Amino acid sequence: MAATIHLRLQPPPTHRRRISWPRRLPVQCAEAHQAMFSRIAPVYDNLNDVLSLGQHRIWKRMSVSWSGAKEGSNVLDLCCGSGDLAFLLSEKVGPNGKVIGLDFSKEQLSVASSRQHSRPKACYYNIEWVEGNALELPFPDSYFDAVTMGYGLRNVINFHKAMEEMYRVLKPSSKVSILDFNKSTDTFSASIQEWMIDNVVVPAANSYGLAEEYKYLKSSIQEFLTGKELEKLALEVGFENSKHFEIGGGLMGNLVATR
Ligand SMILES: C/C(=C\Cc1cc(O)c2ccccc2c1O)CCC[C@H](C)CCC[C@H](C)CCCC(C)C
Ligand SMILES: C[S@@+](CC[C@H](N)C(=O)[O-])C[C@H]1O[C@@H](n2cnc3c(N)ncnc32)[C@H](O)[C@@H]1O
C-alpha cells in the first residue's frame, strides 16, 4: 500500500503568529515545540545515534516489545517523529497489520516518509503518516491494539490529556508503552544525566547551531513526571494497571499500562 502523508486532520489554527526564537524555550508553548522539532529534524536521527552510542535503538526495541504489538495488529505510534518506533512496529505487525505514525511536525513526518521510501522492506508499506495533535487524536474510541509513544509525552503541553487520549483510542486489555528520559529520584543518577546533557549533548548540538534546542532536554526532564507519578497518572485516567521500568542505567524509563 503506498504510503501517504495525510493532510492536517485538525482544522488549521486560526492564527499563525510569527515566533521570534526565544533565548529559552517557553515550555508551555506547543507551537514553540513544533518549531523546535521541525528545526532539529534534519539532524535528529544522527545526533541520537552519536550521542547515545546507538543505545536509543535498543531502548526503542524494548518499548515496542512491551507494547504487545503482534502480527496483524492495528497500532499507533504517537509523536512518531522520524519514524523509529513506527518502523519497528511495522516489522512486528507485518503486511496484515497497520501502523499509523502521528506527529504535528511536517518536517519530522517528511523525514519519516523519505526513510520509508528509501528502505527495501515491503512491510513498511503498512505505515501511514498522519499530521495531527497528540492531545486531540483523530481516531475513534477503542481503535488500536497497541499504542507507543517514544520521547513524546515529556514534550506535550498537557501530560494528562495525552494519557486520556491514549486510553480512549486503545481497545480494552490493550497496552500503551511510553519511552522517555527517566526523571530519577536518585540524585546521583539525575546528576549523571544532567552532566551528560550539559557537557556532551549540548556542546555536540552546538556544532549544528542547536544548543538551545538541546538545552531544553534538561529543563523538560526537570518538569517531567517521575516513574511513580507516571504510574499514578495512568491509573487516574482509567488504565487497569501500570508499571514504570528504568532502563539504560536509570537514564531512561518506560511506562507500560494496560487498558
Ligand atoms: C532518542 C533520545 C532522545 C530523543 C530526543 C528527545 C527529546 O525530547 C529531544 C528534545 C530536544 C532535542 C532533542 C531531543 C531528542 O533527541 C535519547 C538518546 C539521544 C540523546 C540526545 C542523548 C542522551 C544522552 C544520555 C543522557 C546519556 C547516554 C549515555 C550512554 C551513551 C548510553
Ligand atoms: C523527541 S521526538 C520523538 C520522535 C520519535 N518518537 C523517536 O522516538 O525518535 C518528539 C516528537 O513529538 C512531536 N510532538 C510533540 N508534541 C506533539 C503533539 N502535541 N502532537 C503531535 N506531535 C507532537 C514532535 O514534533 C517530535 O517529532
# chains A, B, ... in the order shown; residues from 1 in each chain; ligands from 1
>>> residues_near_ligand(ligand="ligand 1", cutoff="6 Å", atoms="only C-alpha atoms and all ligand atoms", output="compact mmCIF listing (two decimals) with N, CA and C atoms, in the first residue's frame")
# COMPACT_ATOMS: atom_id res chain seq x y z
N TYR A 44 18.28 15.10 13.62
CA TYR A 44 17.75 14.41 14.81
C TYR A 44 18.24 12.97 14.91
N ASN A 48 20.95 11.47 17.68
CA ASN A 48 20.53 10.44 18.63
C ASN A 48 21.49 9.24 18.60
N LEU A 51 25.03 10.48 20.03
CA LEU A 51 25.05 10.86 21.45
C LEU A 51 24.68 9.73 22.39
N SER A 52 23.92 8.76 21.87
CA SER A 52 23.59 7.62 22.75
C SER A 52 24.41 6.39 22.39
N LEU A 53 25.40 6.59 21.49
CA LEU A 53 26.22 5.46 21.00
C LEU A 53 25.32 4.34 20.47
N GLN A 55 22.56 3.36 21.51
CA GLN A 55 21.77 2.67 22.54
C GLN A 55 20.27 2.97 22.42
N HIS A 56 19.93 4.16 21.87
CA HIS A 56 18.50 4.51 21.83
C HIS A 56 17.72 3.52 21.00
N TYR A 151 9.66 9.21 23.49
CA TYR A 151 10.20 10.57 23.71
C TYR A 151 9.20 11.62 23.26
N ASN A 155 7.21 16.00 25.93
CA ASN A 155 7.19 17.17 25.06
C ASN A 155 5.82 17.75 24.80
N GLN A 193 22.94 12.26 34.53
CA GLN A 193 22.13 12.59 33.34
C GLN A 193 22.32 14.06 32.98
N MET A 196 25.82 14.74 31.56
CA MET A 196 25.96 14.28 30.16
C MET A 196 25.31 15.29 29.21
N ILE A 197 24.13 15.78 29.61
CA ILE A 197 23.43 16.73 28.74
C ILE A 197 24.24 18.03 28.62
N GLU A 213 18.02 24.22 21.52
CA GLU A 213 17.07 23.12 21.39
C GLU A 213 17.45 21.94 22.29
N TYR A 214 18.74 21.68 22.43
CA TYR A 214 19.15 20.53 23.23
C TYR A 214 19.28 20.89 24.71
N TYR A 216 17.01 22.44 26.12
CA TYR A 216 15.61 22.17 26.53
C TYR A 216 15.47 20.78 27.14
N LEU A 217 16.33 19.84 26.70
CA LEU A 217 16.24 18.47 27.25
C LEU A 217 16.25 18.51 28.78
>>> residues_near_ligand(ligand="ligand 2", cutoff="7 Å", atoms="only C-alpha atoms and all ligand atoms", output="list in words")
Ala30, His33, Gln34, Phe37, Ser38, Leu78, Cys79, Cys80, Gly81, Ser82, Gly83, Asp84, Leu85, Leu102, Asp103, Phe104, Ser105, Gln108, Gly132, Asn133, Ala134, Leu135, Met149, Gly150, Tyr151, Gly152, Asn155, Val156 and Ile157 of chain A
>>> select_by_dssp(residues="segment 92-148 of chain A", states="strand (DSSP E)", output="ChimeraX atom specification")
/A:98-103,127-131,144-148
>>> write_last_selection(atoms="N, CA, C and O atoms", output="mmCIF file, in the first residue's frame")
data_model
loop_
_atom_site.group_PDB
_atom_site.id
_atom_site.type_symbol
_atom_site.label_atom_id
_atom_site.label_comp_id
_atom_site.auth_asym_id
_atom_site.auth_seq_id
_atom_site.Cartn_x
_atom_site.Cartn_y
_atom_site.Cartn_z
ATOM 1 N N LYS A 98 -1.345 -2.890 10.561
ATOM 2 C CA LYS A 98 -1.399 -1.486 10.116
ATOM 3 C C LYS A 98 -0.739 -0.618 11.176
ATOM 4 O O LYS A 98 -0.999 -0.822 12.391
ATOM 5 N N VAL A 99 0.111 0.293 10.755
ATOM 6 C CA VAL A 99 0.765 1.219 11.684
ATOM 7 C C VAL A 99 0.399 2.645 11.271
ATOM 8 O O VAL A 99 0.490 2.998 10.093
ATOM 9 N N ILE A 100 -0.031 3.435 12.239
ATOM 10 C CA ILE A 100 -0.212 4.873 11.996
ATOM 11 C C ILE A 100 0.825 5.607 12.830
ATOM 12 O O ILE A 100 0.955 5.375 14.035
ATOM 13 N N GLY A 101 1.607 6.440 12.154
ATOM 14 C CA GLY A 101 2.578 7.300 12.831
ATOM 15 C C GLY A 101 2.028 8.714 12.832
ATOM 16 O O GLY A 101 1.787 9.261 11.749
ATOM 17 N N LEU A 102 1.771 9.263 14.024
ATOM 18 C CA LEU A 102 1.186 10.604 14.106
ATOM 19 C C LEU A 102 2.178 11.580 14.713
ATOM 20 O O LEU A 102 2.828 11.273 15.716
ATOM 21 N N ASP A 103 2.282 12.754 14.117
ATOM 22 C CA ASP A 103 3.143 13.819 14.636
ATOM 23 C C ASP A 103 2.612 15.161 14.142
ATOM 24 O O ASP A 103 1.926 15.204 13.124
ATOM 25 N N ILE A 127 2.588 1.345 6.804
ATOM 26 C CA ILE A 127 2.638 2.539 7.656
ATOM 27 C C ILE A 127 1.965 3.703 6.950
ATOM 28 O O ILE A 127 2.183 3.950 5.770
ATOM 29 N N GLU A 128 1.173 4.418 7.706
ATOM 30 C CA GLU A 128 0.528 5.636 7.217
ATOM 31 C C GLU A 128 0.956 6.778 8.136
ATOM 32 O O GLU A 128 0.911 6.631 9.363
ATOM 33 N N TRP A 129 1.442 7.879 7.545
ATOM 34 C CA TRP A 129 1.882 9.026 8.342
ATOM 35 C C TRP A 129 0.745 10.030 8.425
ATOM 36 O O TRP A 129 0.153 10.388 7.410
ATOM 37 N N VAL A 130 0.424 10.449 9.639
ATOM 38 C CA VAL A 130 -0.697 11.370 9.853
ATOM 39 C C VAL A 130 -0.205 12.610 10.593
ATOM 40 O O VAL A 130 0.463 12.496 11.643
ATOM 41 N N GLU A 131 -0.495 13.767 10.051
ATOM 42 C CA GLU A 131 -0.161 15.020 10.746
ATOM 43 C C GLU A 131 -1.318 15.361 11.680
ATOM 44 O O GLU A 131 -2.451 15.500 11.238
ATOM 45 N N PHE A 144 -7.213 0.953 18.560
ATOM 46 C CA PHE A 144 -5.884 0.374 18.381
ATOM 47 C C PHE A 144 -5.614 -0.804 19.320
ATOM 48 O O PHE A 144 -6.067 -0.815 20.478
ATOM 49 N N ASP A 145 -4.811 -1.761 18.802
ATOM 50 C CA ASP A 145 -4.399 -2.917 19.611
ATOM 51 C C ASP A 145 -3.185 -2.598 20.490
ATOM 52 O O ASP A 145 -2.872 -3.335 21.415
ATOM 53 N N ALA A 146 -2.491 -1.497 20.151
ATOM 54 C CA ALA A 146 -1.328 -1.058 20.946
ATOM 55 C C ALA A 146 -1.013 0.382 20.567
ATOM 56 O O ALA A 146 -1.260 0.810 19.430
ATOM 57 N N VAL A 147 -0.473 1.127 21.523
ATOM 58 C CA VAL A 147 -0.004 2.490 21.284
ATOM 59 C C VAL A 147 1.413 2.616 21.843
ATOM 60 O O VAL A 147 1.676 2.154 22.957
ATOM 61 N N THR A 148 2.293 3.225 21.048
ATOM 62 C CA THR A 148 3.629 3.553 21.573
ATOM 63 C C THR A 148 3.811 5.058 21.524
ATOM 64 O O THR A 148 3.176 5.746 20.715
#
>>> atom_distance(atom1="atom CA of Ser184 of chain A", atom2="atom CA of Leu210 of chain A")
25.5 Å
>>> residues_around(residues="Ser173 of chain A", least_positions_apart="3", cutoff="12 Å", atoms="only C-alpha atoms", output="compact mmCIF listing (two decimals) with N, CA, C and O atoms, in the first residue's frame")
# COMPACT_ATOMS: atom_id res chain seq x y z
N SER A 67 4.89 -3.17 24.12
CA SER A 67 3.57 -2.67 23.71
C SER A 67 2.59 -3.81 23.44
O SER A 67 1.38 -3.59 23.35
N GLY A 68 3.12 -5.02 23.22
CA GLY A 68 2.23 -6.15 22.93
C GLY A 68 1.79 -6.20 21.47
O GLY A 68 0.97 -7.02 21.09
N SER A 142 -11.42 3.08 21.30
CA SER A 142 -11.16 1.62 21.24
C SER A 142 -10.78 1.16 19.84
O SER A 142 -11.36 0.21 19.30
N PHE A 144 -7.21 0.95 18.56
CA PHE A 144 -5.88 0.37 18.38
C PHE A 144 -5.61 -0.80 19.32
O PHE A 144 -6.07 -0.81 20.48
N ASP A 145 -4.81 -1.76 18.80
CA ASP A 145 -4.40 -2.92 19.61
C ASP A 145 -3.19 -2.60 20.49
O ASP A 145 -2.87 -3.34 21.42
N ALA A 146 -2.49 -1.50 20.15
CA ALA A 146 -1.33 -1.06 20.95
C ALA A 146 -1.01 0.38 20.57
O ALA A 146 -1.26 0.81 19.43
N TYR A 167 -5.60 6.37 26.33
CA TYR A 167 -6.57 5.44 26.93
C TYR A 167 -7.79 5.30 26.01
O TYR A 167 -8.26 4.21 25.73
N VAL A 169 -8.29 5.74 22.77
CA VAL A 169 -8.17 5.10 21.45
C VAL A 169 -7.71 3.64 21.52
O VAL A 169 -7.72 2.93 20.51
N LEU A 170 -7.35 3.19 22.74
CA LEU A 170 -6.92 1.80 22.90
C LEU A 170 -8.12 0.86 23.10
O LEU A 170 -9.10 1.21 23.75
N VAL A 176 -0.36 0.49 26.31
CA VAL A 176 0.43 1.63 25.87
C VAL A 176 1.83 1.45 26.41
O VAL A 176 2.01 0.95 27.54
N GLY A 238 -7.68 5.87 34.03
CA GLY A 238 -8.53 4.68 33.87
C GLY A 238 -7.82 3.38 33.51
O GLY A 238 -8.46 2.33 33.45
N PHE A 239 -6.51 3.43 33.30
CA PHE A 239 -5.79 2.19 32.97
C PHE A 239 -5.92 1.22 34.16
O PHE A 239 -5.90 1.64 35.32
N GLU A 240 -6.07 -0.06 33.83
CA GLU A 240 -6.23 -1.10 34.85
C GLU A 240 -4.97 -1.24 35.70
O GLU A 240 -5.01 -1.42 36.90
N ASN A 241 -3.82 -1.22 35.03
CA ASN A 241 -2.56 -1.36 35.76
C ASN A 241 -1.47 -0.59 35.01
O ASN A 241 -1.63 -0.27 33.82
N ALA A 257 1.23 0.39 30.42
CA ALA A 257 -0.06 0.41 31.11
C ALA A 257 -1.08 -0.34 30.25
O ALA A 257 -1.02 -0.31 29.03
N THR A 258 -1.96 -1.05 30.92
CA THR A 258 -2.98 -1.86 30.24
C THR A 258 -4.36 -1.25 30.45
O THR A 258 -4.74 -0.95 31.58
N ARG A 259 -5.09 -1.12 29.38
CA ARG A 259 -6.43 -0.52 29.50
C ARG A 259 -7.41 -1.49 30.12
O ARG A 259 -7.37 -2.68 29.90
>>> atom_distance(atom1="atom CA of Ala69 of chain A", atom2="atom CA of Phe245 of chain A")
18.2 Å
>>> closest_residue(among="A:Lys232, A:Lys161, A:Lys121, A:Arg168", to="Val256 of chain A", atoms="only C-alpha atoms")
A:Lys232
>>> atom_distance(atom1="atom CA of Leu137 of chain A", atom2="atom CA of Ser114 of chain A")
23.8 Å
